[in-house]
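structure-v7.txt follows (compact mmCIF, C-alpha atoms):
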# COMPACT_ATOMS: atom_id res chain seq x y z
CA MET A 1 116.69 134.05 93.99
CA SER A 2 115.88 135.41 97.43
CA MET A 3 112.91 136.40 99.53
CA ASN A 4 112.39 139.14 102.08
CA TYR A 5 111.78 137.82 105.62
CA ALA A 6 112.04 141.13 107.52
CA ILE A 7 108.67 141.00 109.29
CA SER A 8 109.09 137.33 110.11
CA ASP A 9 112.55 138.05 111.50
CA ALA A 10 111.19 140.81 113.74
CA LEU A 11 108.38 138.58 115.00
CA TYR A 12 110.80 135.75 115.68
CA LYS A 13 113.01 138.01 117.79
CA LYS A 14 109.95 139.29 119.65
CA ALA A 15 108.64 135.75 120.19
CA SER A 16 112.01 134.61 121.55
CA ASN A 17 111.58 137.04 124.46
CA VAL A 18 108.40 135.36 125.68
CA ILE A 19 108.39 131.87 124.10
CA PRO A 20 111.44 129.60 124.62
CA GLY A 21 113.24 129.39 121.29
CA GLY A 22 110.51 131.48 119.72
CA VAL A 23 108.54 128.32 118.84
CA SER A 24 105.94 126.11 120.53
CA SER A 25 107.29 122.85 119.08
CA ASN A 26 110.98 122.07 118.77
CA ASN A 27 110.64 120.61 115.30
CA ARG A 28 109.68 124.08 114.01
CA ALA A 29 113.05 125.52 115.03
CA ASN A 30 115.27 124.27 112.19
CA TRP A 31 113.90 126.42 109.35
CA GLN A 32 116.10 128.78 107.35
CA PRO A 33 117.04 131.55 107.81
CA HIS A 34 115.00 131.33 111.05
CA PRO A 35 111.56 130.03 112.05
CA LEU A 36 109.07 131.80 109.79
CA PHE A 37 105.69 133.26 110.69
CA TYR A 38 102.63 132.73 108.49
CA GLN A 39 99.42 134.68 108.04
CA LYS A 40 97.08 132.79 105.70
CA ALA A 41 96.61 129.65 103.64
CA ARG A 42 94.22 128.36 101.04
CA GLY A 43 94.21 125.08 99.15
CA ALA A 44 97.78 124.07 98.33
CA TYR A 45 99.28 127.48 99.13
CA VAL A 46 100.49 129.38 102.19
CA TRP A 47 101.64 132.97 102.61
CA ASP A 48 104.07 134.13 105.26
CA VAL A 49 103.81 137.50 107.03
CA ASP A 50 106.16 139.05 104.45
CA GLU A 51 103.66 138.08 101.69
CA ASN A 52 105.90 135.36 100.25
CA LYS A 53 103.75 132.69 98.61
CA TYR A 54 104.60 128.97 98.64
CA ILE A 55 103.24 125.76 97.19
CA ASP A 56 102.91 123.87 100.45
CA TYR A 57 104.14 120.29 100.77
CA VAL A 58 104.49 120.56 104.55
CA LEU A 59 100.70 120.62 105.11
CA GLY A 60 101.04 121.03 108.87
CA ARG A 61 103.48 118.07 108.79
CA GLY A 62 100.85 115.76 107.41
CA PRO A 63 97.36 116.51 108.74
CA LEU A 64 96.13 118.75 105.93
CA ILE A 65 95.47 115.97 103.43
CA THR A 66 92.45 117.92 102.12
CA GLY A 67 94.48 121.12 101.87
CA HIS A 68 94.24 124.39 103.73
CA SER A 69 90.90 125.96 104.64
CA HIS A 70 88.66 123.46 102.86
CA PRO A 71 85.26 125.21 102.80
CA ARG A 72 83.19 122.09 103.56
CA ILE A 73 85.29 121.28 106.60
CA LEU A 74 85.34 124.86 107.86
CA ASP A 75 81.58 125.03 107.51
CA ALA A 76 81.08 121.81 109.50
CA ILE A 77 83.35 123.08 112.27
CA ALA A 78 81.63 126.48 112.38
CA GLN A 79 78.16 124.97 112.57
CA GLN A 80 79.12 122.82 115.55
CA TYR A 81 80.86 125.73 117.27
CA GLN A 82 77.58 127.61 117.02
CA ALA A 83 75.59 124.64 118.31
CA GLY A 84 77.86 124.02 121.28
CA GLN A 85 81.45 123.40 122.26
CA PHE A 86 81.98 121.49 125.55
CA PHE A 87 79.30 119.42 127.23
CA ALA A 88 81.39 117.26 129.57
CA GLY A 89 79.25 114.57 128.02
CA GLN A 90 78.69 112.79 124.75
CA THR A 91 77.46 113.83 121.32
CA GLU A 92 76.15 111.72 118.46
CA LEU A 93 79.17 112.92 116.45
CA GLU A 94 81.36 110.49 118.41
CA ILE A 95 79.25 107.57 117.21
CA VAL A 96 79.19 108.81 113.62
CA LEU A 97 82.98 109.18 113.43
CA ALA A 98 83.72 105.93 115.27
CA GLU A 99 81.40 104.02 112.93
CA LYS A 100 83.04 105.66 109.91
CA ILE A 101 86.51 104.66 111.12
CA LYS A 102 85.29 101.13 111.85
CA ALA A 103 83.88 100.87 108.32
CA LEU A 104 87.13 102.08 106.73
CA VAL A 105 89.87 100.51 108.87
CA PRO A 106 90.03 96.68 108.98
CA GLY A 107 91.23 96.36 112.58
CA ALA A 108 89.21 99.13 114.21
CA GLU A 109 86.44 97.15 115.90
CA MET A 110 86.11 99.86 118.57
CA VAL A 111 87.49 103.40 118.78
CA ARG A 112 88.41 105.96 121.47
CA PHE A 113 89.22 109.61 120.77
CA CYS A 114 91.94 111.85 122.18
CA ASN A 115 93.83 114.94 121.01
CA SER A 116 97.31 114.09 119.72
CA GLY A 117 99.36 111.24 118.34
CA SER A 118 101.50 111.14 121.48
CA GLU A 119 98.37 110.70 123.60
CA ALA A 120 97.04 107.97 121.31
CA VAL A 121 100.27 105.97 121.57
CA HIS A 122 100.17 106.41 125.35
CA VAL A 123 96.66 104.92 125.42
CA ALA A 124 97.72 102.02 123.16
CA LEU A 125 100.67 101.14 125.37
CA ARG A 126 98.52 101.31 128.49
CA LEU A 127 95.98 98.97 126.90
CA ALA A 128 98.69 96.45 125.99
CA ARG A 129 100.18 96.53 129.46
CA SER A 130 96.76 96.24 131.04
CA ALA A 131 95.86 93.26 128.87
CA THR A 132 99.11 91.36 129.40
CA GLY A 133 100.23 92.39 132.86
CA ARG A 134 103.70 92.95 131.40
CA GLU A 135 105.71 96.16 131.04
CA LYS A 136 108.42 95.90 128.38
CA ILE A 137 107.81 97.33 124.91
CA ILE A 138 109.64 96.38 121.72
CA ARG A 139 110.07 99.39 119.45
CA PHE A 140 112.27 100.10 116.42
CA GLU A 141 115.10 102.57 115.91
CA GLY A 142 114.09 105.71 114.05
CA HIS A 143 110.36 105.21 114.51
CA TYR A 144 108.64 108.14 116.17
CA HIS A 145 105.87 107.39 118.65
CA GLY A 146 105.59 110.76 120.33
CA TRP A 147 107.64 112.61 122.89
CA LEU A 148 106.34 111.10 126.15
CA ASP A 149 108.95 109.62 128.47
CA ASN A 150 107.76 106.01 128.49
CA ILE A 151 108.38 105.49 124.74
CA ALA A 152 110.94 108.17 123.80
CA TRP A 153 113.95 105.86 124.20
CA GLY A 154 115.81 104.20 121.34
CA PHE A 155 114.59 106.55 118.64
CA SER A 156 118.21 107.23 117.74
CA THR A 157 121.47 105.39 118.47
CA PRO A 158 125.03 106.45 119.24
CA GLU A 159 126.72 107.87 116.16
CA ASP A 160 129.38 105.16 116.19
CA THR A 161 127.42 102.08 115.19
CA ALA A 162 130.36 99.92 114.17
CA GLN A 163 129.69 97.90 117.31
CA ASP A 164 126.12 97.62 118.54
CA THR A 165 126.26 97.93 122.32
CA GLY A 166 122.51 97.91 122.74
CA ALA A 167 122.71 101.28 124.49
CA LEU A 168 119.43 103.21 124.57
CA LEU A 169 119.52 106.95 124.01
CA ALA A 170 116.87 109.21 125.49
CA MET A 171 115.17 111.54 123.05
CA SER A 172 115.60 114.45 125.47
CA ARG A 173 117.27 115.55 128.62
CA GLY A 174 114.93 115.33 131.60
CA GLN A 175 113.67 111.80 130.92
CA PRO A 176 113.72 109.43 133.92
CA ALA A 177 116.46 106.86 133.37
CA GLY A 178 114.22 104.15 134.82
CA ASP A 179 111.93 104.30 131.79
CA ALA A 180 114.69 102.84 129.60
CA GLY A 181 114.38 99.54 131.43
CA ASN A 182 111.02 98.91 129.80
CA ILE A 183 112.17 99.54 126.21
CA LEU A 184 113.89 97.16 123.79
CA ALA A 185 114.90 98.99 120.58
CA LEU A 186 115.58 96.82 117.54
CA ARG A 187 116.63 97.51 113.97
CA TRP A 188 113.66 97.62 111.64
CA ASN A 189 113.25 95.24 108.69
CA ASP A 190 115.35 92.72 110.63
CA THR A 191 113.15 89.67 111.20
CA ASP A 192 116.00 87.66 112.74
CA ALA A 193 116.54 90.26 115.48
CA LEU A 194 112.84 90.25 116.38
CA GLU A 195 112.73 86.45 116.43
CA ARG A 196 115.77 86.24 118.71
CA VAL A 197 114.44 88.74 121.24
CA LEU A 198 110.98 87.20 121.36
CA ALA A 199 112.41 83.69 121.72
CA SER A 200 114.28 84.74 124.86
CA GLN A 201 112.09 87.47 126.39
CA ALA A 202 108.53 86.98 125.18
CA GLY A 203 107.28 86.45 128.71
CA ASP A 204 108.25 90.03 129.58
CA ILE A 205 106.92 91.78 126.46
CA ALA A 206 103.67 93.75 126.68
CA ALA A 207 103.62 94.87 123.03
CA VAL A 208 105.48 95.31 119.80
CA VAL A 209 104.90 98.82 118.42
CA THR A 210 105.88 99.83 114.89
CA GLU A 211 105.23 102.34 112.18
CA PRO A 212 104.08 100.14 109.27
CA ILE A 213 106.05 102.50 107.03
CA MET A 214 109.04 104.27 108.55
CA PHE A 215 107.87 107.85 108.23
CA ASN A 216 109.83 110.42 110.17
CA SER A 217 112.88 112.69 109.99
CA PHE A 218 115.73 112.19 107.51
CA TRP A 219 114.89 108.47 107.27
CA SER A 220 111.27 108.85 106.23
CA ASN A 221 109.43 106.74 103.66
CA ILE A 222 111.34 103.51 104.21
CA LEU A 223 108.97 100.71 103.26
CA PRO A 224 108.64 97.36 105.04
CA GLU A 225 110.43 94.61 103.19
CA LYS A 226 108.41 91.77 101.69
CA ASN A 227 106.60 89.69 104.34
CA TYR A 228 108.23 91.63 107.20
CA LEU A 229 104.98 92.92 108.69
CA ALA A 230 103.28 89.56 108.10
CA ARG A 231 106.07 87.76 109.96
CA MET A 232 105.82 90.30 112.78
CA ARG A 233 102.11 89.49 113.00
CA GLU A 234 102.85 85.74 113.07
CA LEU A 235 105.40 86.14 115.86
CA CYS A 236 103.09 88.27 117.97
CA ASP A 237 100.33 85.69 117.54
CA HIS A 238 102.67 82.85 118.44
CA TYR A 239 103.83 84.53 121.65
CA ARG A 240 100.43 86.11 122.40
CA ILE A 241 101.82 89.63 122.36
CA PRO A 242 99.69 92.59 121.18
CA LEU A 243 100.87 94.19 117.94
CA ILE A 244 100.45 97.97 117.76
CA PHE A 245 100.59 99.87 114.47
CA ASP A 246 101.39 103.55 114.84
CA GLU A 247 99.36 104.85 111.90
CA ILE A 248 99.63 108.51 112.86
CA GLN A 249 101.31 109.13 109.50
CA THR A 250 99.96 106.32 107.33
CA GLY A 251 96.33 106.28 108.45
CA PHE A 252 93.96 107.52 105.72
CA ARG A 253 96.95 108.51 103.55
CA THR A 254 98.72 105.29 102.54
CA ALA A 255 95.28 103.82 101.91
CA ILE A 256 91.80 104.81 103.04
CA GLY A 257 92.07 101.97 105.56
CA GLY A 258 95.65 102.81 106.45
CA ALA A 259 98.78 100.75 105.98
CA GLN A 260 97.04 97.77 107.57
CA ALA A 261 94.64 97.73 104.62
CA ARG A 262 97.42 98.24 102.09
CA TYR A 263 99.57 95.40 103.42
CA GLY A 264 96.80 93.14 104.64
CA VAL A 265 98.33 92.85 108.12
CA ILE A 266 95.90 93.66 110.91
CA PRO A 267 97.28 94.88 114.24
CA ASP A 268 95.60 94.40 117.60
CA ILE A 269 95.64 98.13 118.31
CA ALA A 270 96.35 101.10 116.04
CA THR A 271 96.76 104.83 116.55
CA PHE A 272 95.57 107.57 114.20
CA ALA A 273 95.87 111.35 113.92
CA LYS A 274 97.06 113.75 111.18
CA ALA A 275 95.02 112.76 108.08
CA LEU A 276 92.21 111.54 110.35
CA GLY A 277 91.29 115.04 111.44
CA GLY A 278 92.61 117.19 108.63
CA PRO A 279 92.68 120.76 110.00
CA VAL A 280 91.56 119.83 113.54
CA CYS A 281 93.45 118.53 116.57
CA LEU A 282 92.16 114.99 116.88
CA ALA A 283 93.59 111.51 117.40
CA ALA A 284 92.10 108.07 117.87
CA VAL A 285 92.95 104.62 119.11
CA GLY A 286 91.22 101.79 117.29
CA GLY A 287 91.58 98.06 117.77
CA LYS A 288 90.18 94.68 118.49
CA GLU A 289 87.26 94.65 120.88
CA GLN A 290 89.02 92.41 123.40
CA TYR A 291 91.58 95.15 124.01
CA MET A 292 89.44 98.23 123.57
CA ARG A 293 86.77 96.93 126.01
CA LEU A 294 89.33 97.32 128.81
CA LEU A 295 88.65 101.05 128.68
CA ALA A 296 84.99 100.48 129.51
CA GLY A 297 85.71 99.77 133.17
CA ALA A 298 87.34 101.80 135.90
CA GLN A 299 90.61 99.89 136.09
CA THR A 300 92.25 100.90 132.77
CA LEU A 301 91.95 104.66 132.73
CA HIS A 302 91.81 107.09 129.82
CA THR A 303 90.47 110.58 130.45
CA GLY A 304 90.72 114.07 128.99
CA THR A 305 88.69 117.26 129.09
CA TYR A 306 89.24 117.91 125.39
CA ASN A 307 88.67 114.32 124.21
CA ALA A 308 86.09 114.11 121.41
CA PHE A 309 85.73 117.90 121.19
CA PRO A 310 82.51 118.26 119.15
CA PRO A 311 83.59 120.91 116.60
CA PHE A 312 86.69 118.84 115.81
CA LEU A 313 84.63 115.68 115.42
CA ALA A 314 82.45 117.51 112.92
CA GLY A 315 85.52 118.60 110.97
CA ALA A 316 87.01 115.10 110.98
CA ILE A 317 83.79 113.50 109.77
CA THR A 318 83.72 115.85 106.78
CA ASN A 319 87.44 115.35 106.17
CA LEU A 320 86.99 111.56 105.95
CA GLU A 321 83.90 111.94 103.79
CA ILE A 322 85.95 113.91 101.26
CA LEU A 323 88.64 111.23 101.22
CA ALA A 324 86.30 108.22 101.14
CA ASP A 325 83.58 109.46 98.76
CA ASN A 326 83.29 107.80 95.34
CA GLY A 327 85.40 104.84 96.36
CA GLY A 328 88.22 107.00 97.62
CA ALA A 329 88.65 108.86 94.34
CA GLU A 330 90.30 111.89 95.93
CA LEU A 331 92.84 109.78 97.78
CA ALA A 332 93.57 107.88 94.57
CA ARG A 333 94.24 111.21 92.86
CA ILE A 334 96.66 112.16 95.66
CA HIS A 335 98.50 108.92 95.02
CA LEU A 336 98.76 109.66 91.31
CA LEU A 337 100.08 113.15 91.98
CA SER A 338 102.62 111.95 94.54
CA GLU A 339 103.84 109.33 92.07
CA SER A 340 104.29 112.04 89.42
CA LEU A 341 106.24 114.09 91.96
CA ARG A 342 108.39 111.09 92.86
CA ALA A 343 109.11 110.20 89.25
CA GLY A 344 110.03 113.79 88.37
CA LEU A 345 112.32 114.16 91.37
CA GLN A 346 113.88 110.79 90.54
CA ASP A 347 114.67 112.05 87.04
CA ILE A 348 116.29 115.15 88.52
CA ALA A 349 118.32 112.98 90.90
CA ALA A 350 119.48 110.77 88.03
CA GLY A 351 120.78 113.80 86.16
CA THR A 352 122.91 115.36 88.89
CA ALA A 353 126.23 114.54 90.50
CA LEU A 354 124.80 115.57 93.86
CA PRO A 355 123.99 112.60 96.14
CA LEU A 356 120.25 113.23 95.85
CA GLN A 357 118.10 110.19 96.55
CA VAL A 358 114.32 109.83 96.42
CA ARG A 359 112.01 107.53 98.37
CA ALA A 360 108.22 107.45 98.45
CA SER A 361 105.05 105.87 99.73
CA PRO A 362 101.50 106.57 98.51
CA GLY A 363 100.79 110.25 99.14
CA ALA A 364 104.27 111.28 100.29
CA VAL A 365 107.83 111.65 98.97
CA THR A 366 111.23 111.98 100.62
CA THR A 367 114.30 113.68 99.15
CA THR A 368 117.55 112.95 100.91
CA PHE A 369 121.25 113.61 100.37
CA ARG A 370 123.47 110.68 101.26
CA ALA A 371 126.58 109.37 99.55
CA ALA A 372 125.95 105.76 100.58
CA PRO A 373 124.76 103.82 97.53
CA ALA A 374 123.08 101.07 99.56
CA VAL A 375 119.29 101.09 99.76
CA ALA A 376 118.07 102.49 103.05
CA ARG A 377 116.22 99.71 104.88
CA ASP A 378 116.34 101.01 108.44
CA TYR A 379 117.42 103.97 110.58
CA ARG A 380 121.12 103.13 110.55
CA THR A 381 121.49 102.60 106.82
CA ALA A 382 119.41 105.71 106.09
CA ARG A 383 121.62 107.79 108.38
CA ARG A 384 124.85 106.56 106.80
CA GLU A 385 126.78 109.30 104.97
CA LEU A 386 123.99 111.86 105.22
CA SER A 387 125.00 115.35 104.08
CA HIS A 388 123.30 117.75 106.49
CA PRO A 389 124.76 120.86 104.77
CA LEU A 390 123.09 119.82 101.52
CA PHE A 391 119.79 119.30 103.33
CA VAL A 392 119.97 122.87 104.60
CA MET A 393 120.88 124.31 101.20
CA TRP A 394 118.23 122.23 99.40
CA HIS A 395 115.49 123.36 101.78
CA ALA A 396 116.54 127.01 101.46
CA ALA A 397 116.86 126.81 97.65
CA LEU A 398 113.34 125.41 97.28
CA GLN A 399 111.91 127.89 99.78
CA ALA A 400 113.48 130.78 97.85
CA ARG A 401 111.66 129.47 94.77
CA GLY A 402 108.27 129.25 96.47
CA VAL A 403 108.29 125.52 97.26
CA ARG A 404 107.81 124.60 100.91
CA ILE A 405 108.95 121.20 102.23
CA THR A 406 110.05 120.06 105.68
CA PRO A 407 113.72 120.70 106.52
CA GLU A 408 114.19 116.92 106.69
CA GLY A 409 113.08 116.51 103.07
CA LEU A 410 109.56 115.12 103.52
CA TRP A 411 106.90 116.16 101.00
CA TYR A 412 103.16 115.58 101.55
CA VAL A 413 100.56 115.82 98.79
CA SER A 414 96.92 116.87 99.33
CA THR A 415 93.61 116.89 97.47
CA ALA A 416 94.24 120.61 96.85
CA HIS A 417 97.32 120.00 94.70
CA CYS A 418 96.94 119.62 90.96
CA ALA A 419 99.06 118.47 88.03
CA ALA A 420 100.09 122.06 87.25
CA ASP A 421 101.42 122.42 90.81
CA ILE A 422 103.55 119.31 90.37
CA ASP A 423 104.89 120.52 87.01
CA TYR A 424 105.81 123.92 88.42
CA THR A 425 107.37 122.30 91.49
CA LEU A 426 109.57 120.06 89.37
CA GLU A 427 110.75 123.06 87.35
CA GLN A 428 111.75 124.81 90.56
CA ALA A 429 113.36 121.67 91.97
CA ALA A 430 115.48 121.34 88.84
CA ALA A 431 116.50 124.98 89.15
CA ALA A 432 117.37 124.47 92.82
CA VAL A 433 119.59 121.49 92.00
CA ALA A 434 121.32 123.46 89.23
CA ALA A 435 122.00 126.27 91.69
CA LEU A 436 123.48 123.86 94.22
CA GLU A 437 125.66 122.32 91.53
CA GLN A 438 127.00 125.67 90.40
CA THR A 439 127.47 127.50 93.67
CA GLY A 440 127.18 125.02 96.50
CA GLY A 441 124.42 127.23 97.85
CA LEU A 442 121.66 129.51 96.64
CA ALA A 443 121.72 131.17 93.25
As structure tokens:
Amino acid sequence: MSMNYAISDALYKKASNVIPGGVSSNNRANWQPHPLFYQKARGAYVWDVDENKYIDYVLGRGPLITGHSHPRILDAIAQQYQAGQFFAGQTELEIVLAEKIKALVPGAEMVRFCNSGSEAVHVALRLARSATGREKIIRFEGHYHGWLDNIAWGFSTPEDTAQDTGALLAMSRGQPAGDAGNILALRWNDTDALERVLASQAGDIAAVVTEPIMFNSFWSNILPEKNYLARMRELCDHYRIPLIFDEIQTGFRTAIGGAQARYGVIPDIATFAKALGGPVCLAAVGGKEQYMRLLAGAQTLHTGTYNAFPPFLAGAITNLEILADNGGAELARIHLLSESLRAGLQDIAAGTALPLQVRASPGAVTTTFRAAPAVARDYRTARRELSHPLFVMWHAALQARGVRITPEGLWYVSTAHCAADIDYTLEQAAAAVAALEQTGGLA
């Protein structure tokens, strides 16, 4: 099977003359056969500029938990746009959304709004440093906390990990080397490593920041091992160190109250975006009052012209209403559908000689190709014996059959998907695997 991408190809070449790389975010660059251009979307489906139609499991890389172009959300946004956009002041919508988040999320005693996950993490780190007077941050390899310089160290490690030198890699060229001095990057799901570092350096640590479920790139959907998050909470309490949960991915998807509600481990500060806002650009920091109150004065600063943009608040309120109504029935249905997708993909994986592996968390699934039989429990084990060529061929084979996933193999499910979508998707996934078995590429 194949699709025509002629118009998209022409637009990509044109874009590359005026936009570096032809894209406005680097993680949109690794699509095959080139970054595609899209023209419309509705529900669980998107259409590119060449009129190719896809069942969409990318969903904007997570935000569109209520699907594309939900009419209730679009109507709420439009009404507020008509009423007013910027006021350089407050609206009642801020109170409504903050109270809704507080009611849903166990640890969100107070809430501040911003515009992106990277910004929210930046605020959380500043709060922790302000509260403790310390500077060093403990983070975990493979966890993504945004692209800003002060946290974008230790995401990955040197390829040769036979001997752990403790070397920190920058995520990008252009990062000040001095920022690395404030980062300690540990292996996730390793309680002993965390205990050792805290025992020797707790007096220097401003915060421990973690994704409660490892949720990015080729090592997505790695769950915390039993009691790992609870022990992390105990250690932070013992050493009086703020615990930050990066719930950009898990918030309002893993559970209506986020991963902290699912696992019963309450952080001091948490960050939210993606499923919080649905189709709008919105993020939030929520946490215990003792930390959040620091933002009320003039000494711990958080500003932004676009913070709490009223039309986006209106959209987010409606988005959360859809998810939370009737005891969270719509989110529960997403979880059922994602479990059906996982189980079907697992059956396909069990029936092929290809090194296809499947991982999942509520509302999301990961397909990966790695020859290592060991269960992936952290970044390093998940990276071991990855087959990048198979990732590329798998992504292209599904795309050619009208199924859209991220190039790294992450699938999101929304309220707009239905059982028939899952059934059709599994048929196409089985056909894609058969094609890879027979030809090593596309049929």
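Note that the spacing between CA of Leu426 in chain A and CA of Gly43 in chain A amounts to 18.9 Å.
Considering all atoms listed in the file, the residue among A:Gln80, A:Thr191, A:Gln260, A:Ser25 positioned nearest to Pro311 in chain A is A:Gln80.
Distances from A:Gly287, A:Gly409, A:Gly62, A:Pro35 to Asp48 in chain A were compared using all atoms listed in the file, and the smallest one belongs to A:Pro35.
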Query - Spatial neighbours of Ala185 in chain A, max dist 9 Å, only C-alpha atoms, sep filter under 5 positions, as a list of chain:residue names - result: A:Ile137, A:Ile138, A:Arg139, A:Phe140, A:Glu141, A:Trp153, A:Gly154, A:Phe155, A:Gly166, A:Leu168
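Within the 10 Å cut-off around Ile222 in chain A, using all atoms listed in the file and omitting residues fewer than 3 positions from it on the same chain, the listed residues are Trp188, Asn189, Pro212, Ile213, Met214, Phe215, Asn216, Trp219, Glu225, Arg359, Ala360, Ser361, Thr366, Val375, Ala376, Arg377, Asp378, Tyr379 and Ala382 of chain A.
From CA of Glu99 in chain A back to CA of Leu243 in chain A, the distance works out to 22.4 Å.
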**Report entry** Top pick for closest residue to Ala419 in chain A, considering A:Leu64, A:Leu198, A:Ile334, A:Ala83 and counting only C-alpha atoms
**Finding:** A:Ile334
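Each of A:Leu320, A:Ala152, A:Ala88, A:Ala435 was checked against Gln175 in chain A using only C-alpha atoms; the smallest atom-to-atom distance is that of A:Ala152.
Restricting the calculation to only C-alpha atoms, the smallest distance between Leu93 in chain A and any of A:Ala314, A:Ala296, A:Leu282, A:Leu127 is found for A:Ala314.
Of note, CA of Pro224 in chain A and CA of Leu386 in chain A are spaced 21.1 Å apart.
Minimum atom-to-atom distances from A:Asp237, A:Glu321, A:Asp56, A:Glu195 to Leu410 in chain A were compared using only C-alpha atoms, and the lowest value belongs to A:Asp56.
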**Report entry** For range 336-351 of chain A: contacts at 9 Å, all atoms listed in the file, fewer than 4 positions along chain excluded, given as a list in words
**Finding:** Leu331, Ala332, Pro355, Leu356, Gln357, Val358, Arg359, Ala360, Ser361, Pro362, Gly363, Ala364, Val365, Thr366, Thr367, Trp411, Tyr412, Val413, Ser414, His417, Cys418, Ala419, Ile422, Asp423, Thr425, Leu426, Ala429, Ala430 and Val433 of chain A
Report task. Write out as a ChimeraX atom specification which residues come within 8 Å of Phe309 in chain A when counting only C-alpha atoms, dropping same-chain ones fewer than 4 positions away. Result -> /A:85-86,313
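Using all atoms listed in the file, every residue with an atom at most 12 Å from the point (123.0, 110.0, 124.6) is listed here: Trp153, Gly154, Phe155, Ser156, Thr157, Pro158, Glu159, Asp160, Ala167, Leu168, Leu169, Ala170, Met171, Ser172, Arg173, Gly174, Gln175 and Ala177 of chain A.
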Query - Neighbours of point (87.7, 116.6, 125.4) within 8 Å, using only C-alpha atoms, written as a count of residues only - result: 10
Query raised in the report: Contacts of Leu11 in chain A at 9 Å or less, counting all atoms listed in the file, minus same-chain residues fewer than 5 places along, as an MDAnalysis selection string?
Result: chainID A and resid 6 16 22 36:37
Emit as JSON the padded axis-aligned box for all listed atoms of range 65-71 of chain A, 5 Å per side, with centre and edge lengths in Å to one decimal.
{"center_x": 90.4, "center_y": 121.0, "center_z": 103.3, "size_x": 20.2, "size_y": 20.0, "size_z": 12.8}
